[in-house]
Each structure stands twice: as C-alpha cells, then as structure tokens.
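Undergrad: First the structure, then my questions, so here it is.
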Amino acid sequence: MFPWVCNQQLYSSRELGRDGTRMDLVGVLNTNHSIRIIPLPCKPASRQTIELAHSPEHYARMKRTSELTTKQLQAMTDPDDLYYNNWTFSAATLAAGGVVECVNAVTAFQPASTRAIALVRPPGHHALRDKPMGFCYFNNIAIAAKHAIHTGRASKVFILDWDIHHGNGIQEITYDDPNIFYLSIHRASKSEKHWFYPGSGDSSEVGSGSARGTNLNIAWGQGGMGDTEYAEAFRTIVLPALETFSPDLIIVACGLDAAKGDLLGDCGLSPAMFYAMTNSLLKTCGQKIPIVITQEGGYNA
C-alpha cells in the first residue's frame, strides 16, 4: 500500500520494482527538485471508520475470512470478480486506511501539502454497503469521504470517478448524503447484447431526498470514447458541477481502464488526457482545496 502527498510536495512511499527488488519511489521522485515526496504511514482503517460506510454485518463477514479454511474461502469465491484468502481482510483494511491517511494529511490544520495520491489495492468503488463486488471488499473512497465529514475535516466532499466502470458502491453509499457529490464518467449499457459491468450509472440516477442533485452520471453508451469526448465532458459538465458544489475536499477515483489499449474498457484516453483532467481540477479548485487521487481499476495500464 502506498499513500503519498504532493504540492510541489507529494506524500509517498515505496513499492516493488518489476524484478522484485525494492524501488525507492521517494528517492527517484525527489531527484526532481521541484517536487518533494513525503511518505505517509499506511495503517489499517478501524472498524469504527469502516462502519461509517458499511454495515456491521459486512465488516464482521470480511473479518471472518482471516480465520476460514481454504475450502470455506473457495466456497465464497466468485470466479469472475471476487477471490479470498486469509489476508484479504488485512489487505482491504490497509487499502481503506491508506486513503483515510491521505485525507487526514491534506486536511490537517497546517498541511505540508494539499495534494495526495493513494496507490492502494484492493480497489473499492464497487463495494456496496453490505456486499463486496467487482474485486472490491471495502469502499475506500466512500469510507474516506464519510470519515472526512464525520471528523469535521470537510463539510462538502466532491468525488470524481473516471474509472471506465460505474462506481455503483460509491453511489449507493453516498446517494442520500447531501454533503457528498458523486460524479462518474463511465461506460454503461443494460441491454443483454451490449451489457457493461456493473450495469448501473444511468443519467436518471441523481440522488435522493435532500441529496437530490448531488449524484451525476455521464454514461457512454458505447466504447471508443477518447480525449475529445472527455475534454468536452469536463468543459461542459464536470468543471461547472465542481464550481457550483464548491467542496472543501476533492477525491478522485482514478481508474486507468479508460486508457487506450485497455482491452476491457475499449476507450482511448491518452496519458496526456489523464494529465489534462488532473490539471484542470487543480486549476479550477485552486491551491487551498485539498485533493486526494486514489487508484481504482485498470487492467492493461
């Protein structure tokens, strides 16, 4: 798990190189003297924090996987998108904790930086309040957003999800919360012939009760979307929505499966477009609004 930060400073940590040796990302990135990397601890999220977004029953079920036999774990496994072993719970709580620690760092009273990135696994945006789904066990971003509001670190959180799959878990958990705006750009089709996982994320899904208007889906009905389409979505919808909601914390669900070459996403975003989307957020919100970028999906990136 690798939580980091940046503002010309970036909270970061270490990861394994391709050959299995340890690569010091802090040392590598600090060779660029305009950027300073600040490592963050990656601590497991507490039960209390996780249950801001998940039911106690879901937490208990996930915790029990640490003690189940191989046969019992295999019985829980979905060969399409859910796998378990005795370390699943530990990894999932660390991933959630990594995002929470990034939020804590950028929302501190005098933060060293207002920019952070959490390179964590497993991802989280499909995890429902009471159910794991789509390689996701705990909803890292929903947990962190709820934590920020619960602890008074933020009063309004804007979540932008550009993973090619709809973050149905984030939507479910935040759908009736007027303090969290969830905006997702994704492929979506419910037809049997062109069905695209997870089958949710229609533009008619706008939030409920006092939160009506704080859920916004930009749903592509087909593949092949690229830089031009995403640039127009940002110009006409994403950035105006961000300015109107005026959050004091932004969290990005940074899935990379809309990238050109991803066989499941079948879209065509360039590396330059990921930079442009991120840069447009920074310019729109200014230096004072904290931003956390959190790794989500991506299979060929």
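Just remember, in the structure tokens the first chain shown is A, the second B, etc., residues are 1-based per chain, and ligands are 1-based in the order shown.
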Would you mind listing, for every residue of stretch 43-72 of chain A within 10 Å of stretch 170-173 of chain A, the two atoms forming the shortest contact and the distance between them in Å to one decimal, using only C-alpha atoms, sorted by chain and ascending residue number, as a tab-separated table?

TA:
```
residue	atom	partner	partner_atom	distance
A:Leu52	CA	A:Ile173	CA	9.5
A:Ala53	CA	A:Ile173	CA	6.3
A:His54	CA	A:Ile173	CA	8.1
```

Undergrad: Print the selection's residues with all heavy atoms to a file, as a PDB file, in the first residue's frame.

TA:
```pdb
ATOM      1  N   LEU A  52     -18.630   3.654   8.992  1.00  0.00           N
ATOM      2  CA  LEU A  52     -19.259   4.885   8.525  1.00  0.00           C
ATOM      3  C   LEU A  52     -19.876   4.672   7.144  1.00  0.00           C
ATOM      4  O   LEU A  52     -20.810   5.377   6.754  1.00  0.00           O
ATOM      5  CB  LEU A  52     -18.235   6.021   8.460  1.00  0.00           C
ATOM      6  CG  LEU A  52     -17.652   6.506   9.787  1.00  0.00           C
ATOM      7  CD1 LEU A  52     -16.520   7.490   9.534  1.00  0.00           C
ATOM      8  CD2 LEU A  52     -18.741   7.152  10.647  1.00  0.00           C
ATOM      9  N   ALA A  53     -19.346   3.682   6.410  1.00  0.00           N
ATOM     10  CA  ALA A  53     -19.826   3.409   5.056  1.00  0.00           C
ATOM     11  C   ALA A  53     -20.400   2.008   4.890  1.00  0.00           C
ATOM     12  O   ALA A  53     -21.117   1.749   3.918  1.00  0.00           O
ATOM     13  CB  ALA A  53     -18.685   3.608   4.048  1.00  0.00           C
ATOM     14  N   HIS A  54     -20.081   1.097   5.812  1.00  0.00           N
ATOM     15  CA  HIS A  54     -20.509  -0.297   5.679  1.00  0.00           C
ATOM     16  C   HIS A  54     -21.272  -0.746   6.918  1.00  0.00           C
ATOM     17  O   HIS A  54     -21.105  -0.189   8.008  1.00  0.00           O
ATOM     18  CB  HIS A  54     -19.294  -1.209   5.471  1.00  0.00           C
ATOM     19  CG  HIS A  54     -18.615  -1.001   4.152  1.00  0.00           C
ATOM     20  ND1 HIS A  54     -19.130  -1.490   2.967  1.00  0.00           N
ATOM     21  CD2 HIS A  54     -17.464  -0.354   3.837  1.00  0.00           C
ATOM     22  CE1 HIS A  54     -18.328  -1.138   1.975  1.00  0.00           C
ATOM     23  NE2 HIS A  54     -17.307  -0.450   2.475  1.00  0.00           N
TER      24      HIS A  54
END
```

Undergrad: Using only C-alpha atoms, which protein or nucleic acid residues come within 8 Å of stretch 150-160 of chain A? Drop anything in the same chain fewer than 4 positions from it, and give the result as a PyMOL selection string.

TA: chain A and resi 104+107-108+145-146+179-184+242+245-253

Undergrad: Which of stretch 102-245 of chain A counts as strand (DSSP E or B) under DSSP, as a PyMOL selection string please?

TA: chain A and resi 115-119+128+131+133+136+157-161+180-187+189+196+215-220+226

Undergrad: Give me the residues within 7 Å of A:Gly201 as a list in words, counting only C-alpha atoms and dropping any in the same chain fewer than 6 places off.

TA: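 Residues near the query, excluding close chain neighbours: His166, Asn168, Ala188, Asn217 and Ala219 of chain A.
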
Undergrad: Would you export the selected residues with N, CA, C and O atoms as a CSV table (one decimal), in the first residue's frame, please?

TA:
```csv
chain,number,residue,atom,x,y,z
A,166,HIS,N,-18.8,2.1,-13.8
A,166,HIS,CA,-19.5,2.9,-12.8
A,166,HIS,C,-19.2,2.5,-11.4
A,166,HIS,O,-19.2,1.3,-11.1
A,168,ASN,N,-20.7,1.9,-8.6
A,168,ASN,CA,-22.0,1.7,-8.0
A,168,ASN,C,-22.0,1.6,-6.5
A,168,ASN,O,-22.9,2.1,-5.9
A,188,ALA,N,-21.8,2.6,-19.8
A,188,ALA,CA,-23.0,2.0,-19.2
A,188,ALA,C,-23.9,1.5,-20.3
A,188,ALA,O,-24.3,2.2,-21.2
A,217,ASN,N,-24.3,11.2,-13.3
A,217,ASN,CA,-23.6,10.1,-14.2
A,217,ASN,C,-23.5,10.6,-15.6
A,217,ASN,O,-24.5,11.0,-16.2
A,219,ALA,N,-22.7,8.9,-18.8
A,219,ALA,CA,-22.7,7.5,-19.2
A,219,ALA,C,-22.5,7.4,-20.7
A,219,ALA,O,-23.3,7.8,-21.5
```

Undergrad: Excluding stretch 126-137 of chain A and any residue of its chain fewer than 5 positions from it, enumerate the residues within 10 Å of it, using only C-alpha atoms, and give them as a PyMOL selection string.

TA: chain A and resi 50-59+61-62+78+80-84+88-89+91-93+95-96+121+142+165-174+197-198+296-297

Undergrad: Out of A:Lys260, A:Gly98, A:Ile38, A:Leu216, which residue has the shortest atom-to-atom distance to A:Pro111 when counting only C-alpha atoms?

TA: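 Of all the options, A:Ile38 lies closest to A:Pro111.
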
Undergrad: When DSSP is applied to the backbone of this structure, which of stretch 74-134 of chain A are assigned alpha helix (DSSP H)? Write them out as a list in words.

TA: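 Alpha helix (DSSP H) assignments inside stretch 74-134 of chain A correspond to Gln74, Ala75, Met76, Thr88, Phe89, Ser90, Ala91, Ala92, Thr93, Leu94, Ala95, Ala96, Gly97, Gly98, Val99, Val100, Glu101, Cys102, Val103, Asn104, Ala105 and Val106 of chain A.
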
Undergrad: Within 12 Å of A:Met225, counting only C-alpha atoms, which residues qualify if same-chain residues fewer than 3 places away don't, as a CSV table (one decimal) with C-alpha atoms, in the first residue's frame?

TA:
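For reference, result19.csv as written:
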```
chain,number,residue,atom,x,y,z
A,164,ILE,CA,-14.5,3.2,-17.1
A,185,ILE,CA,-17.8,9.2,-16.2
A,186,HIS,CA,-18.1,5.6,-17.4
A,187,ARG,CA,-19.5,3.2,-20.0
A,219,ALA,CA,-22.7,7.5,-19.2
A,220,TRP,CA,-21.1,6.5,-22.6
A,221,GLY,CA,-23.4,4.1,-24.4
A,222,GLN,CA,-20.5,2.5,-26.4
A,228,THR,CA,-12.1,14.8,-27.4
A,229,GLU,CA,-15.2,13.4,-25.7
A,230,TYR,CA,-13.7,13.6,-22.2
A,231,ALA,CA,-12.5,17.1,-22.8
A,232,GLU,CA,-16.0,18.2,-23.7
A,233,ALA,CA,-17.5,16.4,-20.7
A,257,ASP,CA,-9.1,1.4,-17.7
A,258,ALA,CA,-10.4,4.2,-20.0
A,259,ALA,CA,-6.9,4.4,-21.3
A,260,LYS,CA,-6.1,3.5,-24.9
A,265,GLY,CA,-12.5,-0.5,-21.3
A,266,ASP,CA,-12.3,-0.3,-25.1
A,267,CYS,CA,-11.8,3.5,-25.0
A,268,GLY,CA,-8.9,5.7,-26.0
A,269,LEU,CA,-7.7,8.1,-23.4
A,270,SER,CA,-4.1,9.2,-23.8
```

Undergrad: Have a look at atom CA of A:His194 and atom CA of A:Cys254 and let me know their distance in Å, one decimal.

TA: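 If I compute the distance from atom CA of A:His194 to atom CA of A:Cys254, I get 24.3 Å.
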
Undergrad: A:Lys283, A:Arg235, A:Arg36, A:Lys71: which is nearest A:Ala116, counting only C-alpha atoms?

TA: A:Arg36

Undergrad: How far is it from atom CA of A:Ile141 to atom CA of A:Gln295, in Å with one decimal?

TA: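 Spanning atom CA of A:Ile141 to atom CA of A:Gln295 is a straight-line distance of 9.8 Å.
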
Undergrad: One decimal, Å: what's the distance from atom CA of A:Ile37 over to atom CA of A:Ser113, could you say?

TA: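 Taking atom CA of A:Ile37 as the start and atom CA of A:Ser113 as the end point, the length is 9.9 Å.
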
Undergrad: Using only C-alpha atoms, determine which residues lie at most 8 Å from A:Lys43, disregarding the query and same-chain residues fewer than 4 positions distant; provide the list as a ChimeraX atom specification.

TA: /A:94,97-98,101

Undergrad: Ranking A:Gln48, A:Asn85, A:Ser280, A:Asn140 by minimum distance to A:Glu243 and counting only C-alpha atoms, which one comes first?

TA: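 Of A:Gln48, A:Asn85, A:Ser280, A:Asn140, the one nearest A:Glu243 is A:Ser280, counting only C-alpha atoms.
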
Undergrad: Between A:Ser200, A:Thr278, A:Thr49, A:Thr114, single out the one closest to A:Ile291, counting only C-alpha atoms.

TA: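 Selected residue with least distance to A:Ile291: A:Thr114.
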